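Take a look at the structure below.
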Amino acid sequence: MRSKRIPVDPNTPLNWRVFKQLWPFLVEFKQRVFLAFLCLIAAKVASVGLPFVLKHTVDNLNLNTTAEKILVVPVALIIAYGALRLANVLLGEIRDTLFGRVTERAMRRVGLKVFEHLHKLDLDFHLNRQTGGLSRDIERGTSGISFLMRFMVFNIGPTLIEILMVVGLLFYNYGLSFAAIILSAVIIYVSFSVKATDWRTKYVREVNLADSNTNSRAIDSLLNYETVKYFNNEHYEANRYDSDLAGWESARRKNRLSLFALNAGQALIIATAMTSMMGLAAYGVAQGNMTIGDFVLINAFTMQIFMPLNFLGFVYREIRGSLANIENLFGLLGKAPKIADQKNAADLKVTKGEIEFKNVGFHYRQDRPILSGLSFNIASGEKVAVVGESGAGKSTIVKLLFRFYDSVQGEICIDGQNVQHVSQHSLRKAIGIVPQDTVLFNDSIFENVRYGNPEASDNEVNQAIDLAHLRNFINSLPDGTDTQVGERGLKLSGGEKQRVAIARTILKRPPILVFDEATSSLDSQSEKAILDALAEISQGHTSLVIAHRLSTIVDADRIVVMDGGRVIEQGSHDQLIAKNGAYTSLWNTQQNKHNPEDSNKQLDVTEHGTR
């Protein structure tokens with residue numbers, strides 16, 4: 001059963017502290033931010049001046065005066081009106097252009113920070129993650145940061161400033177009644193928007209969760225395309241996907257209906273306020289207390305203040321949604337890796353390459369021990385193979401050596417240095433691995449080999465390809481080394497992928513080599529060639545070999561036999577065969593499997609002898 005993402009509690013308060021976390025990204029370009037604020041202030045002054053120019057234009061056109069005055073004054077005012085409107089737009093564009101660099105750099109910085117942090121998290125996190133949902137969380141989070149920074153800094157604050165300026169001007173020029181209507185409408189509108197938006201945030205979160213689950217389901221199914229085909233489960237996968245889509249559809253419907261309720265309430269408040277303002281202004285004109293120009297000014301101010309106010313409601317809703325999206329992003333940054341370097345951890349100094357496991361104990365769960373009192377050593381330049389039945393803990397040894405997990409008991413040392421006391425970077429730099437299951441990047445064969453050492457020259461990459469016996473295979477391909485391997489290397493066979501992995505390790509040339517079932521996917525002829533190559537590159541290197549096929553490690557300097565997380569036998573192949581113990585039993589079992597005819601002949605002889 002595939003794990004589902006843990007639902008977000010809709011009642012969980014949003015983390016407003018993200019503003020504090022975003023502040024350093026704002027101050028990186030202090031001069032740009034300062035200039036953008038200057039443009040903002042100038043644009044607001046021009047915006048507030050527009051209704052006054054409009055008022056005087058209308059009043060001058062309405063006066064009975066000389067023809068010269070009728071032409072000159074209104075034309076000048078109209079030109080001033082156009083200039084102010086142009087200045088308002090241009091200053092806004094300049095502001096957005098200046099601040100755009102700040103926003104884009106913040107998205108880049110946060111995106112990189114999350115990417116680096118994900119690579120610092122432990123293997124356990126990545127084994128339990130859902131790639132599709134994780135990618136959507138990152139995508140929505142970075143987009144949310146862009147929206148939050150732009151509109152919180154340059155829309156909500158400036159809109160509130162403009163509202164206060166308009167209320168003050170109306171009070172000063174036309175008395176308390178007009179100012180009171182506008183101020184009351186703003187307070188009611190903002191209060192309603194905040195409460196209604198808080199109420200519907202749970203629906204935004206439900207949509208995001210359903211969207212992530214749907215995306216995870218699709219990616220998970222496509223990544224396992226071959227498995228789906230093997231078991232003829234296309235219809236089953238489609239039903240599961242449609243079930244998730246049904247949940248997404250339901251969440252979207254609730255979200256849409258809640259948005260309708262919010263927009264309807266806001267429209268009612270705006271319509272009531274504008275009707276009241278226009279009615280009061282019309283009454284003033286009828287009583288002779290106000291001019292037509294005043295009526296036009298109040299109408300312009302009312303529309304001008306409610307347009308950004310209406311936009312303020314949209315921005316607040318989007319900010320709430322953005323904060324909900326950013327929560328997951330910063331939640332990822334808040335996850336502490338279980339495996340972390342000690343403070344001021346020193347780099348690993350490999351002089352001889354000696355490895356020692358001292359009474360090592362480990363478990364993934366406390367009720368199921370994997371290793372118990374494991375002790376063995378690998379001398380400098382020695383090739384040691386670890387064998388045992390499935391579940392004996394062989395692969396766990398590799399994970400502990402690479403410090404994907406930390407042992408719960410004992411210690412693992414390289415040249416006398418506890419691996420938990422050195423930096424993870426220096427530890428893994430000193431170890432090269434050829435894993436059993438090789439995963440390649442969706443790139444060319446050449447670049448996948450170069451991944452072992454990104455700084456390597458083309459000649460060095462080609463040498464590694466030759467040593468790994470990849471050349472004949474590559475020459476048989478139409479595109480040669482430029483052949484694309486497909487996602488996770490699916491275009492190559494298991495043996496071909498393992499030879500790429502071997503070439504990678506050859507290119508890295510670390511002092512310690514680990515082979516985890518390195519030839520398990522190879523045919524007999526390729527296996528012999530690869531074993532010869534591994535023997536060649538292993539000379540002078542400390543080598544740890546995890547093996548299931550015992551015929552591949554008969555030349556090992558020492559073989560460690562494990563059972564139940566413990567070492568039960570050690571020695572060379574000949575010594576262990578002579579003991580006639582667990583290793584001999586494993587050897588005989590595999591020999592009988594690989595040579596069924598010999599086994600049958602032996603059975604025939606036995607039966608013939610008993611007749």
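Each chain in the structure tokens gets a letter, A, B and so on, in the order shown; residues start at 1 in every chain, and ligands are counted from 1 in the order they appear.
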Q: Run DSSP on the backbone of this structure and report the residues of range 310-485 of chain A it assigns to alpha helix (DSSP H), as a ChimeraX atom specification.
A: /A:310-334,394-401,424-429,445-450,458-467,471-475
Q: Write out as a ChimeraX atom specification which residues come within 12 Å of Met149 in chain A when counting only C-alpha atoms, dropping same-chain ones fewer than 4 positions away.
A: /A:18-27,33,96,99-107,142-145,153-157,315,318-319,322-323,326
Saved selection, atoms kept: N, CA and C atoms, as a short mmCIF file (atom, residue, chain, number, x, y, z; two decimals), in the first residue's frame:
```cif
data_model
loop_
_atom_site.label_atom_id
_atom_site.label_comp_id
_atom_site.auth_asym_id
_atom_site.auth_seq_id
_atom_site.Cartn_x
_atom_site.Cartn_y
_atom_site.Cartn_z
N VAL A 18 6.78 33.84 8.62
CA VAL A 18 7.49 33.73 7.34
C VAL A 18 7.96 35.10 6.86
N PHE A 19 7.25 36.18 7.28
CA PHE A 19 7.69 37.51 6.90
C PHE A 19 9.08 37.81 7.45
N LYS A 20 9.32 37.34 8.67
CA LYS A 20 10.64 37.53 9.28
C LYS A 20 11.69 36.72 8.52
N GLN A 21 11.29 35.53 8.06
CA GLN A 21 12.23 34.70 7.32
C GLN A 21 12.51 35.25 5.93
N LEU A 22 11.55 36.00 5.38
CA LEU A 22 11.73 36.57 4.05
C LEU A 22 12.46 37.91 4.06
N TRP A 23 12.51 38.55 5.22
CA TRP A 23 13.10 39.88 5.29
C TRP A 23 14.54 39.95 4.77
N PRO A 24 15.41 38.98 5.10
CA PRO A 24 16.79 39.06 4.58
C PRO A 24 16.86 39.11 3.07
N PHE A 25 15.89 38.51 2.39
CA PHE A 25 15.90 38.52 0.93
C PHE A 25 15.51 39.89 0.38
N LEU A 26 14.74 40.65 1.17
CA LEU A 26 14.35 42.00 0.75
C LEU A 26 15.53 42.96 0.85
N VAL A 27 16.30 42.84 1.90
CA VAL A 27 17.36 43.82 2.15
C VAL A 27 18.63 43.54 1.36
N VAL A 33 15.11 48.60 -3.40
CA VAL A 33 13.91 48.70 -2.58
C VAL A 33 13.61 50.15 -2.24
N ASP A 96 7.61 48.42 -10.22
CA ASP A 96 7.54 46.97 -10.40
C ASP A 96 8.82 46.42 -11.02
N PHE A 99 11.54 46.40 -8.35
CA PHE A 99 11.33 45.38 -7.31
C PHE A 99 11.30 43.97 -7.89
N GLY A 100 11.10 43.87 -9.21
CA GLY A 100 11.08 42.55 -9.82
C GLY A 100 12.36 41.79 -9.60
N ARG A 101 13.50 42.48 -9.66
CA ARG A 101 14.80 41.84 -9.43
C ARG A 101 14.88 41.30 -8.01
N VAL A 102 14.33 42.04 -7.06
CA VAL A 102 14.34 41.60 -5.67
C VAL A 102 13.53 40.32 -5.52
N THR A 103 12.34 40.30 -6.13
CA THR A 103 11.46 39.13 -6.04
C THR A 103 12.08 37.90 -6.69
N GLU A 104 12.61 38.10 -7.90
CA GLU A 104 13.20 36.96 -8.63
C GLU A 104 14.41 36.40 -7.88
N ARG A 105 15.24 37.28 -7.31
CA ARG A 105 16.40 36.81 -6.56
C ARG A 105 15.97 36.07 -5.30
N ALA A 106 14.90 36.55 -4.66
CA ALA A 106 14.40 35.86 -3.46
C ALA A 106 13.91 34.46 -3.80
N MET A 107 13.18 34.33 -4.93
CA MET A 107 12.71 33.02 -5.36
C MET A 107 13.89 32.09 -5.64
N THR A 142 7.39 28.59 -3.81
CA THR A 142 8.20 29.65 -4.42
C THR A 142 7.31 30.67 -5.13
N SER A 143 6.24 30.20 -5.78
CA SER A 143 5.30 31.14 -6.41
C SER A 143 4.61 31.99 -5.36
N GLY A 144 4.28 31.37 -4.22
CA GLY A 144 3.66 32.11 -3.12
C GLY A 144 4.57 33.19 -2.57
N ILE A 145 5.87 32.91 -2.52
CA ILE A 145 6.83 33.90 -2.05
C ILE A 145 6.83 35.11 -2.98
N VAL A 153 4.19 44.21 0.06
CA VAL A 153 5.03 45.41 0.17
C VAL A 153 4.47 46.56 -0.65
N PHE A 154 3.91 46.28 -1.85
CA PHE A 154 3.54 47.35 -2.76
C PHE A 154 2.05 47.48 -3.04
N ASN A 155 1.23 46.71 -2.34
CA ASN A 155 -0.21 46.86 -2.56
C ASN A 155 -0.98 47.08 -1.27
N ILE A 156 -0.83 46.19 -0.30
CA ILE A 156 -1.60 46.34 0.94
C ILE A 156 -1.20 47.61 1.68
N GLY A 157 0.10 47.79 1.93
CA GLY A 157 0.56 49.00 2.63
C GLY A 157 0.17 50.27 1.91
N VAL A 315 -6.05 40.59 -2.80
CA VAL A 315 -4.67 40.39 -2.36
C VAL A 315 -4.63 39.65 -1.03
N GLU A 318 -5.31 36.07 -1.58
CA GLU A 318 -4.17 35.40 -2.20
C GLU A 318 -3.00 35.26 -1.22
N ILE A 319 -2.85 36.27 -0.37
CA ILE A 319 -1.78 36.19 0.63
C ILE A 319 -2.05 35.05 1.61
N SER A 322 -1.20 32.07 -0.26
CA SER A 322 0.25 31.98 -0.41
C SER A 322 0.91 31.53 0.88
N LEU A 323 0.41 32.06 2.00
CA LEU A 323 0.97 31.64 3.29
C LEU A 323 0.71 30.16 3.54
N ILE A 326 3.29 28.49 1.41
CA ILE A 326 4.65 28.68 1.91
C ILE A 326 4.89 27.86 3.18
#
```
Q. A:Ser216, A:Asn255, A:Asn208, A:Thr589: which is nearest Glu327 in chain A, counting only C-alpha atoms?
A. A:Asn208
Q. Residues at most 12 Å from Asp479 in chain A, counting only C-alpha atoms, excluding those fewer than 6 positions away in the same chain, as number ranges by chain?
A. A: 444-446, 473, 485
**Q.** Given only C-alpha atoms as the counted atoms, nearest of A:Arg504, A:Arg368, A:Arg150, A:Arg320 to Ile433 in chain A
**A.** A:Arg504
Q: Between A:Ala501, A:Leu223, A:Ile339, A:Leu550, single out the one closest to Leu123 in chain A, counting only C-alpha atoms.
A: A:Ile339
Q | Within 12 Å of Leu91 in chain A using only C-alpha atoms, minus same-chain residues under 5 positions, as a ChimeraX atom specification | A | /A:35-47,83-86,96-98
Q: Find the residues near Ala281 in chain A: any atom within 10 Å, counting only C-alpha atoms, skip ones fewer than 5 places away on the same chain, and give them as a PyMOL selection string.
A: chain A and resi 174+178+275-276+286-287+289-292+294-299
